[in-house]
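Chemist: Take a look at the following structure, please.
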Amino acid sequence: ETIVLTQRHDSSLDGASKLLLRTTAGQLTEAVVLRAASGRSTLCVSSQVGCAAACRFCATGSMGVARGLAVDEILGQVVIAGRLLREEGRRLRNVVFMGMGEPFHNETHVTEAIALLVDPAGFNLAPEKVMVSSVGVVDGMLRLAQRFPRVRLALSLHSTRQDVREQLVPLGKRFPLDDLRRGVAALNALQPAPVMLEYLMLAGLTDTDEDLAALLAWSEGLSVHVNLIPYNPIASAPELVGTTMEDCRRFAARLKQAGRTTTVRRSLGGDIEAACGQLVKAQSLLERRGGRTTD
C-alpha cells in the first residue's frame with residue numbers, strides 16, 4: 001500500500017471522521033469522511049501534501065506545499081474510506097477534491113485518479129458524484145470539463161470584490177474576477193450542471209450589502225449554485241470573524257429572491273479540526289500529541 005491510515009479522529013458532534021494518512025515517503029496528509037443522516041457518505045480527499053495557494057482563511061494554506069500526491073495515493077484514500085464505511089454497512093457515494101491542496105496544481109494525477117473513479121471497471125462512481133474544487137485555475141477546470149463534462153466543478157470564489165478576494169486568496173491576483181467570470185461561462189457551455197460557487201461568510205468583509213450586490217452582478221446570466229460557507233476559525237487568522245448563522249440565512253434568502261440557487265453549507269467535523277479550511281499539517285498534530293501515531 002502506498003498510503004496507510006495512521007490516526008482516525010471521530011467527531012462527537014456529527015459523524016465526521018478525520019483520517020490521518022502516511023505515504024511510503026513518510027509524509028502525512030488528511031482526508032475526511034462525512035456521513036449524512038440519509039446514509040449516503042462523502043469522502044473529502046487531498047490532492048497534495050499541504051497547499052501552495054496560501055488562502056488566508058485556510059489552515060492548510062499556512063503550511064505551504066511539500067508535493068502533489070501520486071494517483072495511487074489519491075485513490076488509496078478512497079480505498080481506506082470505503083473499507084471503513086463498508087464495516088459500518090454504508091457505501092461511499094461521493095468523492096470531493098476539497099481536502100489539502102489545489103487540485104489543478106497536481107492536474108495530471110488528479111485527472112488520472114478521476115478517470116479511474118468514474119471507470120465502470122474501476123471504482124464505478126457516477127461522474128456527477130465527483131466534485132473538484134479550485135481557487136480559480138481556469139485552464140485546468142476547462143480541460144477537466146472537456147474530458148469529463150459530468151464531473152462537478154466548484155470555484156472557491158469567496159468575494160466578488162477584487163481587492164477583498166486578493167486579501168483572502170493570494171492567487172486572486174493571477175486569476176482576476178473578470179477571467180473567472182469568462183471561465184464559468186465557458187464551463188456552462190461544456191457542462192450540464194451549474195458551477196458551484198463556494199463563498200465564505202466573513203463579518204464585514206464578504207457579507208455586506210455591497211458584497212451582495214457585487215455577487216449578484218458578477219453571477220448575472222451564469223449557471224451557478226451559490227454555496228455559502230460559515231467560517232471555521234483557525235489560529236493563524238484570529239482577525240477573521242464569521243458571519244452569524246442568522247445573517248448567513250438572511251444573505252442566502254436575498255440571493256434566492258434574486259433568482260440564485262443558494263444553500264448554506266452545514267460544515268461537519270469542527271470539533272476534530274476536520275471542517276472546511278481546518279485541515280493542517282498532520283505532523284504538527286502528531287508532535288503536539290507527543291509523537292503518538294495511534295489513538
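Residue numbering restarts at 1 for every chain of the C-alpha cells, chains are lettered A, B, ... in their displayed order, and ligands are numbered from 1 as they appear.
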Just the residues within 12 Å of Asn124 (chain A), please, counting only C-alpha atoms, with nothing from its chain fewer than 6 positions along; format it as a list in words.
Modeler: Leu92, Arg93, Asn94, Val95, Ile114, Ala115, Leu116, Leu117, Val118 and Val130 of chain A
Chemist: Keeping all heavy atoms, export the residues of the selection given above as a compact mmCIF listing (two decimals), in the first residue's frame.
Modeler:
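Final output, saved to selection-v2.txt:
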# COMPACT_ATOMS: atom_id res chain seq x y z
N LEU A 92 -19.71 4.40 0.12
CA LEU A 92 -19.16 5.69 -0.28
C LEU A 92 -19.85 6.13 -1.56
O LEU A 92 -19.75 5.47 -2.59
CB LEU A 92 -17.65 5.57 -0.49
CG LEU A 92 -16.92 6.85 -0.89
CD1 LEU A 92 -17.13 7.94 0.15
CD2 LEU A 92 -15.44 6.57 -1.09
N ARG A 93 -20.57 7.25 -1.48
CA ARG A 93 -21.37 7.69 -2.63
C ARG A 93 -20.74 8.86 -3.38
O ARG A 93 -20.99 9.03 -4.57
CB ARG A 93 -22.77 8.09 -2.15
CG ARG A 93 -23.59 6.93 -1.60
CD ARG A 93 -24.04 6.00 -2.69
NE ARG A 93 -24.91 6.65 -3.66
CZ ARG A 93 -26.23 6.77 -3.52
NH1 ARG A 93 -26.84 6.27 -2.46
NH2 ARG A 93 -26.95 7.38 -4.45
N ASN A 94 -20.00 9.69 -2.67
CA ASN A 94 -19.47 10.92 -3.28
C ASN A 94 -18.00 11.10 -2.92
O ASN A 94 -17.61 10.82 -1.78
CB ASN A 94 -20.24 12.15 -2.77
CG ASN A 94 -21.73 12.03 -2.99
OD1 ASN A 94 -22.23 12.21 -4.09
ND2 ASN A 94 -22.45 11.71 -1.93
N VAL A 95 -17.22 11.59 -3.86
CA VAL A 95 -15.83 11.94 -3.61
C VAL A 95 -15.64 13.40 -4.03
O VAL A 95 -15.94 13.77 -5.18
CB VAL A 95 -14.86 11.03 -4.39
CG1 VAL A 95 -13.41 11.53 -4.23
CG2 VAL A 95 -14.97 9.59 -3.90
N ILE A 114 -9.42 10.64 -11.30
CA ILE A 114 -10.84 10.78 -11.63
C ILE A 114 -11.23 9.77 -12.70
O ILE A 114 -12.31 9.16 -12.64
CB ILE A 114 -11.15 12.22 -12.06
CG1 ILE A 114 -11.04 13.16 -10.86
CG2 ILE A 114 -12.54 12.32 -12.69
CD1 ILE A 114 -11.09 14.63 -11.21
N ALA A 115 -10.36 9.58 -13.68
CA ALA A 115 -10.65 8.61 -14.75
C ALA A 115 -10.92 7.23 -14.16
O ALA A 115 -11.83 6.52 -14.59
CB ALA A 115 -9.49 8.56 -15.74
N LEU A 116 -10.16 6.85 -13.15
CA LEU A 116 -10.35 5.53 -12.51
C LEU A 116 -11.57 5.53 -11.59
O LEU A 116 -12.26 4.52 -11.46
CB LEU A 116 -9.09 5.13 -11.74
CG LEU A 116 -7.90 4.77 -12.65
CD1 LEU A 116 -6.60 4.75 -11.86
CD2 LEU A 116 -8.12 3.42 -13.32
N LEU A 117 -11.86 6.67 -10.95
CA LEU A 117 -13.03 6.75 -10.08
C LEU A 117 -14.32 6.55 -10.87
O LEU A 117 -15.26 5.91 -10.38
CB LEU A 117 -13.08 8.11 -9.37
CG LEU A 117 -12.10 8.33 -8.22
CD1 LEU A 117 -12.14 9.77 -7.74
CD2 LEU A 117 -12.39 7.38 -7.05
N VAL A 118 -14.38 7.08 -12.09
CA VAL A 118 -15.64 7.02 -12.86
C VAL A 118 -15.65 5.85 -13.86
O VAL A 118 -16.67 5.63 -14.53
CB VAL A 118 -15.91 8.35 -13.60
CG1 VAL A 118 -15.97 9.50 -12.60
CG2 VAL A 118 -14.87 8.63 -14.68
N VAL A 130 -18.66 13.04 -8.33
CA VAL A 130 -17.30 13.52 -8.11
C VAL A 130 -17.30 15.03 -8.29
O VAL A 130 -17.86 15.55 -9.26
CB VAL A 130 -16.31 12.87 -9.11
CG1 VAL A 130 -14.89 13.43 -8.91
CG2 VAL A 130 -16.32 11.35 -8.95
Chemist: Write out as a ChimeraX atom specification all residues of region 39-256 of chain A that DSSP puts in strand (DSSP E) for this structure's backbone.
Modeler: /A:40-44,48-50,65-68,91-97,130-134,152-156,195-201,224-230
Chemist: Where does DSSP see helix (DSSP H, G or I) in region 26-223 of chain A, if you list the residues as a PyMOL selection string?
Modeler: chain A and resi 60-63+71-87+103-118+127-129+138-147+162-168+170-173+177-190+209-219
Chemist: Which residue, A:Ala126, A:Leu5, A:Met98, A:Arg40, has the smallest gap to Gln77 (chain A) when you use only C-alpha atoms?
Modeler: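 The shortest atom-to-atom distance to Gln77 (chain A) comes from A:Leu5.
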Chemist: For a quick check of understanding, using only C-alpha atoms, which of A:Glu128, A:Leu34, A:Val135, A:Val110 has the smallest distance to Leu85 (chain A)?
Modeler: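 Under the stated criterion, the closest residue is A:Leu34.
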Chemist: Which distance in Å separates CA of Gly89 (chain A) and CA of Asp14 (chain A), to one decimal?
Modeler: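 Computing it gives 17.6 Å between the two atoms.
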Chemist: Contacts of region 149-158 of chain A at 7 Å or less, counting only C-alpha atoms, minus same-chain residues fewer than 2 places along, as a JSON list (two decimals) with N, CA and C atoms, in the first residue's frame?
Modeler:
[["chain", "number", "residue", "atom", "x", "y", "z"],
["A", 127, "PRO", "N", -20.09, 10.04, -12.64],
["A", 127, "PRO", "CA", -19.30, 11.28, -12.70],
["A", 127, "PRO", "C", -19.92, 12.42, -11.88],
["A", 128, "GLU", "N", -21.25, 12.46, -11.82],
["A", 128, "GLU", "CA", -21.92, 13.52, -11.04],
["A", 128, "GLU", "C", -21.62, 13.43, -9.55],
["A", 130, "VAL", "N", -18.66, 13.04, -8.33],
["A", 130, "VAL", "CA", -17.30, 13.52, -8.11],
["A", 130, "VAL", "C", -17.30, 15.03, -8.29],
["A", 131, "MET", "N", -16.70, 15.76, -7.34],
["A", 131, "MET", "CA", -16.60, 17.21, -7.46],
["A", 131, "MET", "C", -15.16, 17.64, -7.21],
["A", 132, "VAL", "N", -14.71, 18.61, -8.00],
["A", 132, "VAL", "CA", -13.35, 19.14, -7.87],
["A", 132, "VAL", "C", -13.46, 20.64, -7.61],
["A", 133, "SER", "N", -12.79, 21.09, -6.55],
["A", 133, "SER", "CA", -12.84, 22.49, -6.16],
["A", 133, "SER", "C", -11.50, 23.16, -6.44],
["A", 134, "SER", "N", -11.56, 24.34, -7.05],
["A", 134, "SER", "CA", -10.34, 25.08, -7.40],
["A", 134, "SER", "C", -10.46, 26.52, -6.95],
["A", 135, "VAL", "N", -9.30, 27.15, -6.64],
["A", 135, "VAL", "CA", -9.30, 28.58, -6.33],
["A", 135, "VAL", "C", -9.43, 29.43, -7.60],
["A", 136, "GLY", "N", -9.45, 28.76, -8.77],
["A", 136, "GLY", "CA", -9.67, 29.51, -10.00],
["A", 136, "GLY", "C", -8.66, 29.26, -11.09],
["A", 145, "ALA", "N", -13.36, 19.75, -17.64],
["A", 145, "ALA", "CA", -14.75, 19.75, -18.13],
["A", 145, "ALA", "C", -14.85, 19.19, -19.54],
["A", 146, "GLN", "N", -13.83, 19.45, -20.35],
["A", 146, "GLN", "CA", -13.84, 18.90, -21.72],
["A", 146, "GLN", "C", -13.72, 17.39, -21.69],
["A", 147, "ARG", "N", -12.92, 16.86, -20.77],
["A", 147, "ARG", "CA", -12.74, 15.40, -20.71],
["A", 147, "ARG", "C", -13.88, 14.72, -19.96],
["A", 165, "ARG", "N", -11.02, 39.81, -2.55],
["A", 165, "ARG", "CA", -10.64, 38.44, -2.95],
["A", 165, "ARG", "C", -9.11, 38.27, -2.89],
["A", 190, "LEU", "N", -19.94, 23.80, -21.54],
["A", 190, "LEU", "CA", -19.43, 22.43, -21.64],
["A", 190, "LEU", "C", -20.19, 21.45, -20.75],
["A", 191, "GLN", "N", -20.80, 21.95, -19.68],
["A", 191, "GLN", "CA", -21.34, 21.06, -18.64],
["A", 191, "GLN", "C", -22.84, 21.25, -18.44],
["A", 192, "PRO", "N", -23.55, 20.15, -18.17],
["A", 192, "PRO", "CA", -24.98, 20.27, -17.89],
["A", 192, "PRO", "C", -25.28, 20.85, -16.51],
["A", 193, "ALA", "N", -24.41, 20.62, -15.54],
["A", 193, "ALA", "CA", -24.66, 21.07, -14.16],
["A", 193, "ALA", "C", -24.10, 22.47, -13.94],
["A", 195, "VAL", "N", -22.02, 25.45, -12.11],
["A", 195, "VAL", "CA", -20.76, 25.53, -11.36],
["A", 195, "VAL", "C", -21.10, 25.95, -9.93],
["A", 196, "MET", "N", -20.54, 25.25, -8.96],
["A", 196, "MET", "CA", -20.75, 25.65, -7.57],
["A", 196, "MET", "C", -19.81, 26.79, -7.23],
["A", 197, "LEU", "N", -20.35, 27.86, -6.65],
["A", 197, "LEU", "CA", -19.54, 28.97, -6.16],
["A", 197, "LEU", "C", -19.44, 28.85, -4.65],
["A", 198, "GLU", "N", -18.25, 28.59, -4.16],
["A", 198, "GLU", "CA", -18.03, 28.50, -2.71],
["A", 198, "GLU", "C", -17.74, 29.91, -2.21],
["A", 199, "TYR", "N", -18.53, 30.34, -1.23],
["A", 199, "TYR", "CA", -18.47, 31.74, -0.80],
["A", 199, "TYR", "C", -18.42, 31.78, 0.72],
["A", 200, "LEU", "N", -17.28, 32.20, 1.23],
["A", 200, "LEU", "CA", -17.05, 32.21, 2.68],
["A", 200, "LEU", "C", -17.69, 33.43, 3.32]]
Chemist: So how many Å separate CA of Gln48 (chain A) and CA of Met100 (chain A), to one decimal?
Modeler: 5.7 Å
Chemist: Compile the contact shell of Ala252 (chain A) as a list in words: residues with an atom at most 10 Å away, counting only C-alpha atoms, same-chain residues fewer than 2 positions apart removed.
Modeler: Leu212, Val226, Asn227, Leu228, Glu246, Asp247, Cys248, Arg249, Arg250, Arg254, Leu255, Lys256, Gln257, Ala258, Arg260, Thr261, Thr262, Thr263 and Val264 of chain A
Chemist: Find the residues near Trp218 (chain A): any atom within 12 Å, counting only C-alpha atoms, skip ones fewer than 2 places away on the same chain, and give them as a VMD selection string.
Modeler: chain A and resid 157 159 to 162 177 to 182 184 to 185 197 211 to 216 220 to 224 226 260
Chemist: Mind checking which residues fall within 7 Å of Ala203 (chain A), counting only C-alpha atoms, ignoring those fewer than 2 positions away in the same chain, and posting them as a PyMOL selection string?
Modeler: chain A and resi 201+205-207+241-243
Chemist: Dump all heavy atoms for the selected residues as an mmCIF file, in the first residue's frame?
Modeler:
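The file below, out-v2.cif, is the result:
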data_model
loop_
_atom_site.group_PDB
_atom_site.id
_atom_site.type_symbol
_atom_site.label_atom_id
_atom_site.label_comp_id
_atom_site.auth_asym_id
_atom_site.auth_seq_id
_atom_site.Cartn_x
_atom_site.Cartn_y
_atom_site.Cartn_z
ATOM 1 N N MET A 201 -18.445 33.203 4.378
ATOM 2 C CA MET A 201 -19.165 34.284 5.037
ATOM 3 C C MET A 201 -18.332 34.857 6.183
ATOM 4 O O MET A 201 -18.153 34.231 7.230
ATOM 5 C CB MET A 201 -20.511 33.766 5.556
ATOM 6 C CG MET A 201 -21.463 33.309 4.454
ATOM 7 S SD MET A 201 -21.911 34.647 3.317
ATOM 8 C CE MET A 201 -22.981 35.649 4.373
ATOM 9 N N LEU A 205 -16.706 41.700 5.842
ATOM 10 C CA LEU A 205 -15.718 41.544 4.768
ATOM 11 C C LEU A 205 -16.325 40.960 3.500
ATOM 12 O O LEU A 205 -15.976 41.370 2.396
ATOM 13 C CB LEU A 205 -14.563 40.663 5.265
ATOM 14 C CG LEU A 205 -13.261 40.694 4.470
ATOM 15 C CD1 LEU A 205 -12.666 42.100 4.445
ATOM 16 C CD2 LEU A 205 -12.253 39.706 5.065
ATOM 17 N N THR A 206 -17.253 40.006 3.659
ATOM 18 C CA THR A 206 -17.882 39.407 2.473
ATOM 19 C C THR A 206 -19.409 39.378 2.574
ATOM 20 O O THR A 206 -20.067 38.865 1.663
ATOM 21 C CB THR A 206 -17.385 37.954 2.258
ATOM 22 O OG1 THR A 206 -17.815 37.128 3.360
ATOM 23 C CG2 THR A 206 -15.875 37.888 2.121
ATOM 24 N N ASP A 207 -19.975 39.901 3.664
ATOM 25 C CA ASP A 207 -21.419 39.725 3.910
ATOM 26 C C ASP A 207 -22.225 41.016 3.913
ATOM 27 O O ASP A 207 -23.366 41.047 4.359
ATOM 28 C CB ASP A 207 -21.630 38.990 5.243
ATOM 29 C CG ASP A 207 -21.204 39.810 6.461
ATOM 30 O OD1 ASP A 207 -20.589 40.900 6.287
ATOM 31 O OD2 ASP A 207 -21.466 39.364 7.600
ATOM 32 N N VAL A 241 -13.556 37.022 11.378
ATOM 33 C CA VAL A 241 -14.721 36.708 12.216
ATOM 34 C C VAL A 241 -15.849 36.225 11.304
ATOM 35 O O VAL A 241 -16.166 36.869 10.295
ATOM 36 C CB VAL A 241 -15.194 37.945 13.018
ATOM 37 C CG1 VAL A 241 -16.444 37.617 13.835
ATOM 38 C CG2 VAL A 241 -14.067 38.444 13.916
ATOM 39 N N GLY A 242 -16.435 35.100 11.662
ATOM 40 C CA GLY A 242 -17.504 34.549 10.839
ATOM 41 C C GLY A 242 -18.810 35.318 10.979
ATOM 42 O O GLY A 242 -19.124 35.880 12.039
ATOM 43 N N THR A 243 -19.569 35.354 9.906
ATOM 44 C CA THR A 243 -20.920 35.907 9.918
ATOM 45 C C THR A 243 -21.802 35.026 10.805
ATOM 46 O O THR A 243 -21.628 33.809 10.830
ATOM 47 C CB THR A 243 -21.477 35.904 8.485
ATOM 48 O OG1 THR A 243 -20.558 36.593 7.641
ATOM 49 C CG2 THR A 243 -22.846 36.539 8.400
#
Chemist: Which residue is closest to Phe175 (chain A)? Choose from A:Glu107, A:Glu210, A:Asp139, A:Glu73 and count only C-alpha atoms.
Modeler: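 Smallest distance to Phe175 (chain A) is found for A:Asp139.
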